[in-house]
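One file, query00.cif, carrying mmCIF, C-alpha atoms:
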```cif
data_my_file
loop_
_atom_site.label_atom_id
_atom_site.label_comp_id
_atom_site.auth_asym_id
_atom_site.auth_seq_id
_atom_site.Cartn_x
_atom_site.Cartn_y
_atom_site.Cartn_z
CA MET A 105 -23.68 0.40 -18.75
CA THR A 106 -22.40 1.27 -15.25
CA ALA A 107 -22.06 -2.44 -14.39
CA LYS A 108 -20.11 -3.03 -17.60
CA ARG A 109 -17.70 -0.21 -16.76
CA SER A 110 -17.26 -1.56 -13.22
CA GLU A 111 -16.49 -5.03 -14.59
CA LEU A 112 -14.00 -3.55 -17.07
CA LYS A 113 -12.28 -1.62 -14.29
CA GLN A 114 -11.90 -4.78 -12.20
CA GLN A 115 -10.44 -6.66 -15.18
CA LEU A 116 -7.91 -3.92 -15.79
CA LEU A 117 -6.93 -3.80 -12.12
CA GLU A 118 -6.38 -7.56 -12.14
CA GLN A 119 -4.21 -7.29 -15.24
CA ALA A 120 -2.16 -4.55 -13.58
CA ARG A 121 -1.68 -6.71 -10.46
CA LYS A 122 -0.46 -9.62 -12.58
CA ARG A 123 2.01 -7.40 -14.41
CA THR A 124 3.50 -6.20 -11.13
CA ALA A 125 3.62 -9.56 -9.35
CA PRO A 126 7.12 -10.19 -7.91
CA ARG A 127 9.32 -12.88 -9.41
CA ALA A 128 10.69 -15.43 -6.98
CA ALA A 129 13.97 -15.96 -8.83
CA SER A 130 17.29 -16.34 -7.04
CA SER A 131 20.87 -17.01 -8.05
CA THR A 132 24.02 -18.35 -6.47
CA THR A 133 27.22 -16.31 -6.46
CA VAL A 134 30.69 -17.03 -5.17
CA SER A 135 31.99 -14.65 -2.52
CA SER A 136 35.59 -13.42 -2.33
CA ASN A 137 36.47 -16.13 0.17
CA GLY A 138 35.25 -18.85 -2.16
CA GLN A 139 32.11 -19.62 -0.21
CA GLY A 140 28.89 -19.97 -2.11
CA ALA A 141 26.19 -17.47 -1.19
CA GLU A 142 22.58 -17.27 -2.33
CA GLN A 143 21.53 -13.86 -3.63
CA ARG A 144 17.87 -13.19 -4.12
CA SER A 145 16.82 -11.25 -7.18
CA VAL A 146 15.12 -7.93 -6.52
CA PRO A 147 11.47 -8.05 -7.70
CA GLU A 148 10.99 -6.26 -10.99
CA ARG A 149 8.45 -3.91 -9.47
CA PHE A 150 11.39 -2.23 -7.74
CA THR A 151 13.65 -1.99 -10.79
CA ARG A 152 11.46 -1.39 -13.87
CA PHE A 153 9.83 1.95 -14.60
CA ASP A 154 6.98 0.24 -16.44
CA ALA A 155 6.22 -1.71 -13.25
CA GLN A 156 5.91 1.38 -11.05
CA PRO A 157 2.42 2.03 -9.63
CA GLY A 158 2.17 5.45 -11.24
CA TYR A 159 2.89 4.16 -14.72
CA GLN A 160 0.59 1.19 -14.17
CA GLN A 161 -2.23 3.60 -13.32
CA ILE A 162 -1.57 5.60 -16.50
CA ALA A 163 -1.52 2.42 -18.59
CA MET A 164 -4.75 1.20 -17.01
CA MET A 165 -6.50 4.50 -17.68
CA ARG A 166 -5.37 4.49 -21.30
CA GLN A 167 -6.54 0.93 -21.82
CA ALA A 168 -9.90 1.69 -20.25
CA ALA A 169 -10.26 4.80 -22.43
CA ASP A 170 -9.49 2.77 -25.56
CA GLN A 171 -12.10 0.16 -24.69
CA LEU A 172 -14.69 2.85 -23.95
CA GLY A 173 -13.93 4.66 -27.21
CA LEU A 174 -12.36 7.74 -25.60
CA ILE A 175 -9.27 9.66 -26.62
CA ASP A 176 -6.62 11.07 -24.30
CA PRO A 177 -7.86 14.60 -23.45
CA PHE A 178 -4.45 15.82 -22.31
CA PHE A 179 -1.46 17.46 -24.03
CA LYS A 180 -3.45 18.97 -26.88
CA VAL A 181 -1.10 20.97 -29.09
CA HIS A 182 -1.99 24.66 -29.46
CA GLU A 183 -0.43 26.02 -32.64
CA GLY A 184 -0.38 29.71 -31.71
CA THR A 185 -1.42 32.11 -28.95
CA ALA A 186 -4.04 30.58 -26.68
CA GLY A 187 -6.64 33.14 -25.70
CA ALA A 188 -10.40 33.23 -26.19
CA THR A 189 -9.69 31.22 -29.33
CA SER A 190 -6.84 28.88 -30.22
CA VAL A 191 -5.73 26.77 -33.18
CA ILE A 192 -5.75 23.01 -32.43
CA ASN A 193 -5.17 20.43 -35.16
CA GLY A 194 -5.28 23.21 -37.71
CA GLN A 195 -8.75 24.38 -36.65
CA THR A 196 -9.68 27.55 -34.79
CA CYS A 197 -11.50 26.62 -31.60
CA ILE A 198 -13.29 28.59 -28.92
CA ASN A 199 -10.87 28.07 -26.07
CA PHE A 200 -11.75 27.68 -22.38
CA ALA A 201 -8.58 25.93 -21.26
CA SER A 202 -6.09 28.78 -20.82
CA TYR A 203 -5.38 31.21 -17.97
CA ASN A 204 -5.09 34.22 -20.30
CA TYR A 205 -7.74 36.03 -18.26
CA LEU A 206 -6.98 39.57 -19.41
CA GLY A 207 -5.89 38.73 -22.95
CA PHE A 208 -2.36 40.03 -22.46
CA SER A 209 -0.56 36.94 -23.73
CA GLY A 210 -0.13 37.70 -27.42
CA ASP A 211 -0.83 41.43 -27.06
CA PRO A 212 1.65 43.20 -29.39
CA ARG A 213 2.80 45.53 -26.60
CA ILE A 214 3.55 42.59 -24.31
CA ASN A 215 5.36 40.79 -27.13
CA GLN A 216 7.45 43.89 -27.78
CA ALA A 217 8.44 44.11 -24.11
CA ALA A 218 9.80 40.57 -24.37
CA CYS A 219 11.66 41.33 -27.59
CA ASP A 220 13.23 44.47 -26.15
CA ALA A 221 14.33 42.62 -23.01
CA VAL A 222 15.93 39.72 -24.86
CA ALA A 223 17.73 42.13 -27.20
CA ARG A 224 19.20 43.96 -24.22
CA TYR A 225 19.89 41.12 -21.77
CA GLY A 226 20.10 37.95 -23.87
CA THR A 227 18.09 34.77 -23.51
CA SER A 228 19.38 33.88 -20.02
CA VAL A 229 20.80 35.79 -17.06
CA SER A 230 23.14 32.79 -16.76
CA ALA A 231 23.43 32.67 -12.96
CA SER A 232 21.59 32.72 -9.69
CA ARG A 233 20.56 36.28 -8.95
CA VAL A 234 22.51 36.29 -5.67
CA VAL A 235 25.81 35.88 -7.51
CA SER A 236 25.67 37.51 -10.95
CA GLY A 237 22.18 36.95 -12.34
CA GLU A 238 20.63 40.21 -11.09
CA ARG A 239 19.22 42.54 -13.74
CA PRO A 240 17.34 45.87 -13.44
CA ILE A 241 14.16 44.28 -14.82
CA HIS A 242 13.98 41.97 -11.78
CA GLN A 243 13.97 44.87 -9.35
CA GLU A 244 11.46 46.81 -11.45
CA LEU A 245 9.05 43.88 -11.50
CA GLU A 246 9.38 43.21 -7.77
CA GLN A 247 8.84 46.86 -6.88
CA ALA A 248 5.78 47.02 -9.15
CA LEU A 249 4.32 43.94 -7.44
CA ALA A 250 4.98 45.36 -3.97
CA THR A 251 3.31 48.63 -5.01
CA ALA A 252 0.30 46.78 -6.44
CA TYR A 253 -0.16 45.01 -3.12
CA GLY A 254 0.62 48.04 -0.96
CA VAL A 255 3.36 46.19 0.95
CA GLU A 256 7.06 46.76 1.53
CA ASP A 257 8.69 44.32 -0.86
CA ALA A 258 8.32 41.35 -3.20
CA VAL A 259 10.52 38.63 -4.64
CA VAL A 260 9.96 36.64 -7.85
CA PHE A 261 10.75 32.95 -8.41
CA VAL A 262 11.20 31.17 -11.75
CA SER A 263 8.33 28.76 -11.03
CA GLY A 264 4.93 29.26 -9.42
CA HIS A 265 4.92 25.75 -7.97
CA ALA A 266 8.45 26.20 -6.62
CA THR A 267 7.41 29.49 -5.01
CA ASN A 268 5.10 27.71 -2.58
CA VAL A 269 7.37 24.70 -2.15
CA SER A 270 10.40 26.80 -1.30
CA THR A 271 8.58 29.38 0.83
CA LEU A 272 6.75 26.91 3.07
CA GLY A 273 9.67 24.51 3.06
CA HIS A 274 12.06 27.19 4.28
CA LEU A 275 9.96 29.24 6.71
CA LEU A 276 8.63 26.35 8.82
CA GLY A 277 10.07 23.39 10.70
CA PRO A 278 9.19 20.35 12.82
CA LYS A 279 7.96 22.43 15.75
CA ASP A 280 5.46 24.30 13.57
CA LEU A 281 1.96 23.69 12.21
CA VAL A 282 0.44 24.28 8.77
CA LEU A 283 -3.35 24.56 8.62
CA HIS A 284 -4.72 24.64 5.08
CA ASP A 285 -7.97 24.52 3.17
CA GLU A 286 -8.72 20.95 2.09
CA TYR A 287 -8.69 22.11 -1.56
CA ILE A 288 -5.31 23.86 -1.35
CA HIS A 289 -2.96 23.52 -4.33
CA ASN A 290 -0.43 20.70 -4.51
CA SER A 291 2.46 23.19 -4.31
CA SER A 292 1.48 24.18 -0.77
CA LEU A 293 1.10 20.55 0.27
CA VAL A 294 4.56 19.70 -1.04
CA GLY A 295 6.03 22.75 0.68
CA ALA A 296 4.44 21.78 3.99
CA GLN A 297 5.75 18.24 3.66
CA LEU A 298 9.24 19.51 2.87
CA SER A 299 9.26 21.73 5.95
CA GLY A 300 8.69 18.84 8.34
CA ALA A 301 5.89 20.79 10.04
CA LYS A 302 2.73 19.10 11.25
CA ARG A 303 -0.01 19.52 8.64
CA MET A 304 -3.80 19.56 9.10
CA SER A 305 -6.59 20.44 6.68
CA PHE A 306 -9.92 22.10 7.42
CA SER A 307 -13.18 21.97 5.48
CA HIS A 308 -13.25 24.06 2.34
CA ASN A 309 -13.87 27.77 2.95
CA ASP A 310 -14.95 27.02 6.53
CA PRO A 311 -13.58 29.50 9.10
CA ALA A 312 -15.40 27.71 11.91
CA ALA A 313 -13.53 24.50 11.13
CA LEU A 314 -10.25 26.43 11.13
CA GLU A 315 -11.11 28.05 14.45
CA ALA A 316 -11.75 24.64 16.02
CA LEU A 317 -8.27 23.48 14.95
CA LEU A 318 -6.62 26.67 16.20
CA ALA A 319 -8.36 26.45 19.56
CA ARG A 320 -7.31 22.83 19.96
CA HIS A 321 -3.75 22.94 18.67
CA ARG A 322 -2.29 26.47 18.59
CA HIS A 323 -0.61 26.19 22.00
CA GLN A 324 1.19 22.98 20.99
CA PHE A 325 3.34 24.62 18.29
CA GLU A 326 5.71 27.53 17.86
CA ARG A 327 4.77 29.03 14.50
CA VAL A 328 1.41 28.37 12.88
CA LEU A 329 0.69 29.16 9.23
CA VAL A 330 -2.82 29.22 7.73
CA VAL A 331 -2.86 28.78 3.94
CA ILE A 332 -5.86 29.58 1.73
CA GLU A 333 -6.37 30.54 -1.91
CA GLY A 334 -7.82 33.74 -3.31
CA LEU A 335 -9.81 31.97 -6.05
CA TYR A 336 -10.03 28.18 -6.12
CA SER A 337 -9.33 27.02 -9.65
CA MET A 338 -11.35 23.79 -9.45
CA ASP A 339 -14.52 25.40 -8.12
CA GLY A 340 -14.34 29.12 -8.90
CA ASP A 341 -15.20 30.21 -5.34
CA ILE A 342 -13.41 32.46 -2.85
CA PRO A 343 -12.79 32.55 0.92
CA GLU A 344 -14.32 35.07 3.33
CA LEU A 345 -10.96 36.77 3.81
CA PRO A 346 -11.88 39.15 6.69
CA ARG A 347 -12.98 36.20 8.80
CA PHE A 348 -9.67 34.38 8.22
CA ILE A 349 -7.77 37.55 9.11
CA GLU A 350 -9.69 37.86 12.37
CA LEU A 351 -8.85 34.28 13.31
CA LYS A 352 -5.15 34.57 12.48
CA GLN A 353 -4.91 37.74 14.58
CA ARG A 354 -6.73 36.24 17.56
CA TYR A 355 -4.63 33.08 17.58
CA GLN A 356 -1.35 34.79 16.66
CA ALA A 357 -0.79 32.82 13.47
CA TRP A 358 0.52 33.77 10.04
CA LEU A 359 -1.88 33.94 7.09
CA MET A 360 -0.80 33.12 3.54
CA VAL A 361 -3.10 33.78 0.56
CA ASP A 362 -2.29 32.08 -2.75
CA GLU A 363 -3.51 34.51 -5.42
CA ALA A 364 -2.45 32.48 -8.45
CA HIS A 365 -5.96 32.83 -9.93
CA SER A 366 -7.36 35.85 -8.04
CA PHE A 367 -4.78 38.53 -8.88
CA GLY A 368 -5.89 40.22 -12.09
CA VAL A 369 -9.39 38.83 -11.59
CA MET A 370 -10.83 39.90 -8.24
CA GLY A 371 -11.48 43.55 -7.39
CA ASP A 372 -12.65 46.41 -9.58
CA THR A 373 -9.18 46.91 -11.07
CA GLY A 374 -7.90 43.35 -10.66
CA LEU A 375 -5.71 43.96 -7.61
CA GLY A 376 -6.97 40.77 -6.03
CA LEU A 377 -8.68 39.78 -2.82
CA ARG A 378 -7.39 42.73 -0.80
CA GLU A 379 -9.15 45.11 -3.23
CA TYR A 380 -12.27 42.95 -3.40
CA PHE A 381 -12.69 42.96 0.38
CA ASN A 382 -11.13 46.41 0.88
CA ILE A 383 -8.77 45.20 3.62
CA ASP A 384 -5.41 46.49 4.80
CA PRO A 385 -2.88 44.43 2.78
CA ARG A 386 -0.63 44.24 5.83
CA ASP A 387 -3.28 42.13 7.56
CA VAL A 388 -2.15 39.21 5.38
CA ASP A 389 1.38 38.09 6.25
CA ILE A 390 2.27 36.37 2.98
CA TRP A 391 0.78 37.22 -0.41
CA MET A 392 1.65 34.70 -3.08
CA GLY A 393 0.82 34.80 -6.77
CA THR A 394 1.93 33.72 -10.22
CA MET A 395 2.80 35.56 -13.42
CA SER A 396 1.44 32.79 -15.66
CA LYS A 397 -2.21 33.78 -15.49
CA ALA A 398 -3.36 37.39 -15.84
CA LEU A 399 0.22 38.71 -16.07
CA ALA A 400 1.09 36.83 -19.28
CA GLY A 401 4.44 35.45 -18.11
CA CYS A 402 5.77 32.63 -15.99
CA GLY A 403 6.99 32.17 -12.43
CA GLY A 404 5.70 33.13 -9.00
CA TYR A 405 6.12 35.82 -6.38
CA ILE A 406 5.88 36.47 -2.66
CA ALA A 407 4.87 39.94 -1.45
CA GLY A 408 4.86 41.20 2.12
CA SER A 409 7.11 42.74 4.74
CA LYS A 410 10.76 43.45 4.01
CA PRO A 411 12.01 40.95 6.64
CA LEU A 412 9.92 38.19 5.03
CA VAL A 413 11.13 38.97 1.52
CA GLU A 414 14.77 39.42 2.54
CA THR A 415 14.69 36.06 4.31
CA LEU A 416 13.48 34.34 1.14
CA ARG A 417 15.80 36.30 -1.14
CA TYR A 418 18.93 35.32 0.78
CA LEU A 419 18.01 31.91 2.19
CA ALA A 420 15.16 30.13 0.37
CA PRO A 421 16.73 27.28 -1.65
CA GLY A 422 14.28 27.61 -4.55
CA PHE A 423 15.48 31.17 -5.08
CA LEU A 424 19.06 31.07 -3.86
CA TYR A 425 20.12 28.03 -5.90
CA SER A 426 18.04 28.66 -9.02
CA VAL A 427 19.07 30.68 -12.05
CA GLY A 428 17.43 34.09 -12.18
CA MET A 429 14.25 34.66 -14.16
CA PRO A 430 15.08 35.38 -17.83
CA ALA A 431 14.58 39.05 -18.68
CA GLN A 432 12.21 38.23 -21.53
CA VAL A 433 9.96 36.47 -19.00
CA ALA A 434 10.07 39.25 -16.40
CA ALA A 435 9.46 42.09 -18.87
CA PRO A 436 6.06 40.90 -20.20
CA SER A 437 4.71 40.51 -16.66
CA LEU A 438 5.90 43.99 -15.74
CA ALA A 439 4.27 45.40 -18.88
CA ALA A 440 1.03 43.48 -18.20
CA LEU A 441 0.92 44.74 -14.63
CA GLN A 442 1.27 48.32 -15.84
CA LEU A 443 -1.31 47.91 -18.62
CA MET A 444 -3.77 46.18 -16.27
CA GLN A 445 -3.89 49.32 -14.17
CA GLN A 446 -4.07 51.61 -17.21
CA GLU A 447 -6.88 49.58 -18.83
CA PRO A 448 -9.30 48.54 -16.04
CA GLU A 449 -11.93 47.90 -18.71
CA ARG A 450 -10.26 44.53 -19.32
CA VAL A 451 -11.09 43.44 -15.79
CA GLN A 452 -14.63 44.77 -16.17
CA ARG A 453 -15.11 42.80 -19.41
CA LEU A 454 -13.82 39.67 -17.68
CA HIS A 455 -16.30 40.16 -14.83
CA ALA A 456 -19.19 40.73 -17.23
CA ILE A 457 -18.53 37.70 -19.46
CA SER A 458 -17.92 35.47 -16.44
CA ARG A 459 -21.25 36.48 -14.91
CA TYR A 460 -22.96 35.92 -18.26
CA PHE A 461 -21.54 32.40 -18.54
CA LEU A 462 -22.63 31.52 -14.99
CA GLU A 463 -26.12 32.96 -15.45
CA GLN A 464 -26.70 31.22 -18.78
CA ALA A 465 -25.32 27.90 -17.57
CA THR A 466 -27.50 28.01 -14.47
CA ALA A 467 -30.56 28.94 -16.53
CA ARG A 468 -29.99 25.78 -18.59
CA GLY A 469 -29.95 23.64 -15.46
CA LEU A 470 -26.20 22.93 -15.50
CA ASP A 471 -24.46 22.23 -12.19
CA THR A 472 -21.88 24.98 -11.67
CA GLY A 473 -21.13 24.09 -8.05
CA GLN A 474 -20.13 27.00 -5.82
CA SER A 475 -18.64 29.22 -8.53
CA ILE A 476 -19.16 32.95 -8.05
CA GLY A 477 -18.70 33.57 -11.77
CA ALA A 478 -15.25 35.14 -11.78
CA ALA A 479 -13.02 33.70 -14.54
CA VAL A 480 -13.49 30.08 -13.41
CA VAL A 481 -16.77 28.19 -13.82
CA PRO A 482 -16.99 24.39 -13.56
CA VAL A 483 -19.80 22.33 -15.04
CA ILE A 484 -20.05 19.18 -12.96
CA ILE A 485 -20.79 16.09 -15.05
CA GLY A 486 -20.69 13.33 -12.42
CA SER A 487 -18.33 10.71 -13.84
CA SER A 488 -14.86 10.75 -15.35
CA ALA A 489 -15.85 8.78 -18.44
CA ALA A 490 -18.78 11.08 -19.14
CA ALA A 491 -16.67 14.21 -18.62
CA ALA A 492 -14.00 12.93 -21.02
CA ARG A 493 -16.64 11.98 -23.59
CA VAL A 494 -18.38 15.38 -23.40
CA SER A 495 -15.03 17.20 -23.70
CA HIS A 496 -14.23 15.18 -26.84
CA GLY A 497 -17.69 15.87 -28.26
CA LEU A 498 -17.18 19.59 -27.80
CA LEU A 499 -13.73 19.48 -29.41
CA GLU A 500 -15.30 17.89 -32.47
CA GLN A 501 -17.37 21.09 -32.67
CA GLN A 502 -14.26 23.30 -32.28
CA ILE A 503 -14.80 24.06 -28.60
CA ASN A 504 -11.86 23.30 -26.32
CA VAL A 505 -12.55 22.72 -22.63
CA GLN A 506 -10.55 20.46 -20.34
CA PRO A 507 -12.16 17.63 -18.35
CA ILE A 508 -11.12 17.27 -14.71
CA LEU A 509 -11.19 13.61 -13.80
CA HIS A 510 -10.75 11.38 -10.77
CA PRO A 511 -8.43 11.38 -8.79
CA ALA A 512 -7.95 15.15 -9.28
CA VAL A 513 -11.53 15.45 -7.99
CA PRO A 514 -13.90 12.86 -6.50
CA GLU A 515 -15.45 10.65 -9.18
CA LYS A 516 -18.93 12.05 -8.56
CA SER A 517 -17.52 15.56 -9.03
CA ALA A 518 -15.78 14.97 -12.39
CA ARG A 519 -16.31 18.10 -14.42
CA LEU A 520 -15.52 20.37 -17.29
CA ARG A 521 -13.58 23.44 -16.14
CA PHE A 522 -14.18 26.65 -18.08
CA PHE A 523 -11.60 29.44 -17.86
CA LEU A 524 -13.00 32.72 -19.14
CA SER A 525 -11.09 35.53 -20.86
CA CYS A 526 -12.03 39.18 -21.24
CA ASP A 527 -11.92 38.50 -25.00
CA HIS A 528 -14.70 35.89 -24.93
CA THR A 529 -17.98 37.15 -26.38
CA GLN A 530 -21.59 36.36 -25.58
CA ALA A 531 -21.76 34.58 -28.95
CA HIS A 532 -18.88 32.32 -27.82
CA ILE A 533 -20.79 31.50 -24.65
CA ASP A 534 -24.13 30.88 -26.35
CA GLN A 535 -22.57 28.61 -28.98
CA THR A 536 -20.68 26.67 -26.31
CA LEU A 537 -23.63 26.15 -23.98
CA ASP A 538 -25.89 25.10 -26.89
CA ALA A 539 -23.30 22.50 -27.90
CA LEU A 540 -22.76 21.38 -24.32
CA THR A 541 -26.42 20.73 -23.61
CA ALA A 542 -26.67 18.82 -26.88
CA VAL A 543 -23.80 16.42 -26.10
CA LEU A 544 -24.53 15.86 -22.40
CA PRO A 545 -25.50 12.27 -21.62
#
```
Once more with this new file: its structure as structure tokens, please.
Amino acid sequence: MTAKRSELKQQLLEQARKRTAPRAASSTTVSSNGQGAEQRSVPERFTRFDAQPGYQQIAMMRQAADQLGLIDPFFKVHEGTAGATSVINGQTCINFASYNYLGFSGDPRINQAACDAVARYGTSVSASRVVSGERPIHQELEQALATAYGVEDAVVFVSGHATNVSTLGHLLGPKDLVLHDEYIHNSSLVGAQLSGAKRMSFSHNDPAALEALLARHRHQFERVLVVIEGLYSMDGDIPELPRFIELKQRYQAWLMVDEAHSFGVMGDTGLGLREYFNIDPRDVDIWMGTMSKALAGCGGYIAGSKPLVETLRYLAPGFLYSVGMPAQVAAPSLAALQLMQQEPERVQRLHAISRYFLEQATARGLDTGQSIGAAVVPVIIGSSAAAARVSHGLLEQQINVQPILHPAVPEKSARLRFFLSCDHTQAHIDQTLDALTAVLP
């Protein structure tokens, strides 16, 4: 079977190469002075969108999936609120593909906060905040985030991805260095590239590898930024934050922690990695997070010192030249942040069900990688085709879990990625793992 798939892949690659082969056509035109001039045609691979490498890869993957009897696992339509369960194709499914960790998206109190905000401020603030888009709800949300982190200030962006792109792209330049975990999110990579800074990666969650790079290169650059994540969404593991803090202090670097998936998850009350490790929040220079996970909204934020935040608020292009966050997006995140601290039992339920999933999966012999069992647990399948097939088999049993395929991860690490919610039950987990072990190849 493996040989057949390899042969099919080679056939599809050859077909793609033939479709993108340049044409050798040329034409003769008459110049303004009457002299004939030969003008070569531009090859179609430079002018047609369907000849671009990215589209060719998509087409090849779809063709291969069709021939292997697989369906496209992406862009499933959810017909209502996506929490521990969701309605897909008219059927209620156990859902493990949403970031609604604390169950706040769809909570009536969160919904009401959005309704109240849109009734007061309209559907758009209609301008960049620096000119006339500022609203009280923006300042309330930013102050609440700064308070949650125990730092001086915070600023919110309309997009989580743009938060990292604009922050790294603005703060650093060609004389600087970005050192990042090899599994860092695409948004940080794009931001580093935009800045023009030199970029180097170190082995995943490996402070010793980072130290080797700092010892070798720190003196060659002006500013050095180390970027790690609080909870890695592909693997469900965390960094040893105190060790990274010690290194950044010794080598006089900045440390940025992307808490997109760890805020609302890590720590007894969900306040993230600083609560989990009980560290001084000022020991991290740049705290980044998103409102689209535990906080039931959309957008991203940076929290830290007032000079850092003021610099971004007045000068970062992704904030300065972007329309302000709509009030009905800011208000739910503010309400969720307040309720998270009033109802710590949600975080405790999330911790308990996550541990239960990890323990039960491990007991069944499933490969959960390095996951610590905190909201994110992968089950490594070992090939993209198998992961897609297992995901489809589960969906047929009303269980929705997304496959993560090559090139997002190495082919041998293709997996199913389970996102847990505080509203999942042990019965959900037992039913899912029974079905999973039954459909595994």
| query | So how many Å separate atom CA of A:Val480 and atom CA of A:Leu375, to one decimal? | reply |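 Calculated distance between atom CA of A:Val480 and atom CA of A:Leu375 is 16.9 Å.
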| Selected by the PyMOL selection byres ((chain A and resi 383) around 12) in the shown coordinates: which residues, as a ChimeraX atom specification? | /A:253-254,344-350,371,375-382,384-388
| message | Give me the residues near stretch 217-234 of chain A as a list of chain:residue names, where near means some atom within 8 Å (using only C-alpha atoms) and where sequence neighbours in that chain fewer than 3 positions away do not count. | response | A:Arg213, A:Ile214, A:Gly237, A:Glu238, A:Arg239, A:Tyr418, A:Phe423, A:Leu424, A:Tyr425, A:Ser426, A:Val427, A:Gly428, A:Met429, A:Pro430, A:Ala431, A:Gln432, A:Val433, A:Ala435, A:Pro436, A:Ala439
Go ahead and save the residues from that selection, with C-alpha atoms, as a short mmCIF file (atom, residue, chain, number, x, y, z; two decimals), in the coordinates of the input.
```cif
data_model
loop_
_atom_site.label_atom_id
_atom_site.label_comp_id
_atom_site.auth_asym_id
_atom_site.auth_seq_id
_atom_site.Cartn_x
_atom_site.Cartn_y
_atom_site.Cartn_z
CA ARG A 213 2.80 45.53 -26.60
CA ILE A 214 3.55 42.59 -24.31
CA GLY A 237 22.18 36.95 -12.34
CA GLU A 238 20.63 40.21 -11.09
CA ARG A 239 19.22 42.54 -13.74
CA TYR A 418 18.93 35.32 0.78
CA PHE A 423 15.48 31.17 -5.08
CA LEU A 424 19.06 31.07 -3.86
CA TYR A 425 20.12 28.03 -5.90
CA SER A 426 18.04 28.66 -9.02
CA VAL A 427 19.07 30.68 -12.05
CA GLY A 428 17.43 34.09 -12.18
CA MET A 429 14.25 34.66 -14.16
CA PRO A 430 15.08 35.38 -17.83
CA ALA A 431 14.58 39.05 -18.68
CA GLN A 432 12.21 38.23 -21.53
CA VAL A 433 9.96 36.47 -19.00
CA ALA A 435 9.46 42.09 -18.87
CA PRO A 436 6.06 40.90 -20.20
CA ALA A 439 4.27 45.40 -18.88
#
```
| query | Within 10 Å of (3.6, 39.5, 7.0), only C-alpha atoms: residues as a VMD selection string? | reply | chain A and resid 255 to 256 358 to 360 385 to 391 407 to 413
| field | Shell around A:Ser437 at 7 Å using all atoms listed in the file, local window under 3 positions removed, as a ChimeraX atom specification | value | /A:395,399-401,434,440-441
| query | If the PyMOL selection byres ((chain A and resi 190) around 10) is run on the structure shown, which residues does it catch, given as a VMD selection string? | reply | chain A and resid 181 to 189 191 to 202 502 to 504
| message | I need the output of the PyMOL selection byres ((chain A and resi 493) around 12) for this file as a ChimeraX atom specification; which residues are they? | response | /A:169-170,172-177,485-492,494-500,505-509,518-520,540,543-545
| Spatial neighbours of A:Met392, max dist 6 Å, only C-alpha atoms, sep filter under 4 positions, as a PyMOL selection string | chain A and resi 362-363+405-406
| query | Which is closest to A:His455 among A:Arg303, A:His528, A:Arg149, A:His308, if we use all atoms listed in the file? | reply |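 Looking at the shortest contact to A:His455, the residue is A:His528.
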| task | Considering only C-alpha atoms, return as a ChimeraX atom specification whatever protein or nucleic-acid residues lie within 8 Å of A:Met338, sequence-local ones (same chain, fewer than 2 positions apart) excluded. | result | /A:336,340,480,482,521
| task | Find the residue from A:Ala301, A:Ile457, A:Val331, A:Leu470 that sits nearest to A:His532; use all atoms listed in the file when measuring. | result |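 For A:His532, the nearest of the given residues is A:Ile457.
Using all atoms listed in the file, the shortest contact distance between A:Asn204 and any of A:Pro514, A:Ile476, A:Lys397, A:Leu537 is found at A:Lys397.
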| What does the distance between atom CA of A:Glu244 and atom CA of A:Val451 come to in Å, to one decimal place? | 23.2 Å
| request: Find the distance between atom CA of A:Gly477 and atom CA of A:Gly404 and write it in Å to one decimal. | output: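 Interatomic distance here is 24.6 Å.
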